[in-house]
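Scroll down for the structure; my scribbles are underneath it.
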Amino acid sequence: MQIENMEVFNLEGAFRGMRNPMESYDKSDSRYEYNRFLKTGKSYILGEKDLILAQKLIKAGKDHRKFMRQILVSMDITASMSFWWDIDTYKISTEKNSTSRMHKLTSKNCRHLTIEDFNWDHITQYRDITLSHINALIDTLQSLVEKGQSVMSEAYQIIFTELINDLPEGYLFTRHWTGNYEVLISLLVARKNHKQEEIRDFCVKLEDLPYYNELLASK
């Protein structure tokens, strides 16, 4: 599990819109402050009154905290297929672009996969056999190509399908994921103590997000 390039967008717009229902704009106390460490030179600081209202709406439930859907998040995540299957349960305006088994698994001169390509802490006898089997299939595909077989040939397609079907769930994908704070607060409530280590690690990494304690952990 690896997370890189985590960014948050539209805090200002989300909190401005939060006050639309009661038109209480005059009570807003959020502001911009100079921050020499940011490329923009400024950061958006949430005020105490805005945070109090935000936490009240968060506790009132999904119908009242619509502003959370408008705090946008993006990040690059490298994780296993089993991680992605679980995370995909939480979809409210989410999107992702991923590395592809179909296009990339055998494109790097059909290189052998190693333990680093999987979410495996160590190689057991079973995993060693699995890895050998996967690499043998990759070697077979390379041999077919060297003999002039098209990737659309029946022989190639049979082996390639077996490779895809036999690939362990621990195979790592890198995906650029975009979502929002509503997705993340729902995920934290349901999955913070998940039995899968990758999910728990992901939830811990979310603590690095702006206003994690005030917004995401305030429920």
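Chain lettering (A, B, ...) mirrors the order of the structure tokens, residue numbering begins at 1 for each chain separately, and ligand numbering begins at 1 in order of display.
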
Quick one: residues within 6 Å of A:Arg69, only C-alpha atoms counted, chain neighbours fewer than 4 positions away excluded, as number ranges by chain? A: 180-182

Give me the residues near A:Arg191 as JSON, numbers by chain, where near means some atom within 10 Å (using only C-alpha atoms) and where sequence neighbours in that chain fewer than 6 positions away do not count. {"A": [86, 87, 184, 185, 199, 200, 202, 203]}

Using only C-alpha atoms, determine which residues lie at most 6 Å from stretch 66-68 of chain A, disregarding the query and same-chain residues fewer than 2 positions distant; provide the list as a ChimeraX atom specification. /A:14,18,64,70-71,181-182

Export N, CA and C atoms of the chosen residues as a PDB file, in the first residue's frame?
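Final output, out05.pdb:
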ATOM      1  N   ALA A  14     -17.053  24.788  -1.004  1.00  0.00           N
ATOM      2  CA  ALA A  14     -17.915  23.901  -0.219  1.00  0.00           C
ATOM      3  C   ALA A  14     -18.465  24.610   1.016  1.00  0.00           C
ATOM      4  N   MET A  18     -22.248  25.726   1.907  1.00  0.00           N
ATOM      5  CA  MET A  18     -22.835  25.200   3.142  1.00  0.00           C
ATOM      6  C   MET A  18     -23.796  26.197   3.776  1.00  0.00           C
ATOM      7  N   HIS A  64     -27.943  16.286   5.309  1.00  0.00           N
ATOM      8  CA  HIS A  64     -27.647  17.650   5.766  1.00  0.00           C
ATOM      9  C   HIS A  64     -26.208  18.067   5.485  1.00  0.00           C
ATOM     10  N   GLN A  70     -18.655  18.114  -1.779  1.00  0.00           N
ATOM     11  CA  GLN A  70     -18.041  19.135  -2.624  1.00  0.00           C
ATOM     12  C   GLN A  70     -16.617  19.475  -2.202  1.00  0.00           C
ATOM     13  N   ILE A  71     -16.125  18.822  -1.145  1.00  0.00           N
ATOM     14  CA  ILE A  71     -14.704  18.909  -0.801  1.00  0.00           C
ATOM     15  C   ILE A  71     -14.020  17.768  -1.543  1.00  0.00           C
ATOM     16  N   TYR A 181     -15.003  14.185   0.496  1.00  0.00           N
ATOM     17  CA  TYR A 181     -15.007  13.930   1.932  1.00  0.00           C
ATOM     18  C   TYR A 181     -16.189  13.082   2.368  1.00  0.00           C
ATOM     19  N   GLU A 182     -17.305  13.130   1.659  1.00  0.00           N
ATOM     20  CA  GLU A 182     -18.439  12.288   2.017  1.00  0.00           C
ATOM     21  C   GLU A 182     -18.102  10.814   1.825  1.00  0.00           C
TER      22      GLU A 182
END

Counting only C-alpha atoms, which residue out of A:Leu51, A:Ala155, A:Phe118, A:Ile134 sits closest to A:Gly170? A:Phe118

Give me, please, the distance in Å between atom CA of A:Thr89 and atom CA of A:Glu162, quoted to one decimal. 27.0 Å

In Å, how far is it from atom CA of A:Ser132 to atom CA of A:Asn165?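 It comes out at 15.2 Å.
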
Distance criterion (only C-alpha atoms): nearest to A:Leu137 out of A:Lys59, A:Ser153, A:Arg111, A:Asn119: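 Closest candidate: A:Arg111.
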
List the neighbours of A:Ser80 out to 10 Å using only C-alpha atoms; skip same-chain residues closer than 5 positions along the sequence, and give me the result as a list in words.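 So the residues in contact are Met1, Trp85, Asp117, Phe118, Asn119, Trp120, Pro168, Glu169, Gly170, Tyr171, Leu172, Phe173, Thr174 and Glu198 of chain A.
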
From the list A:Leu163, A:Lys27, A:Ser74, A:Ile52, which residue is nearest A:Ser93 when using only C-alpha atoms? A:Ser74
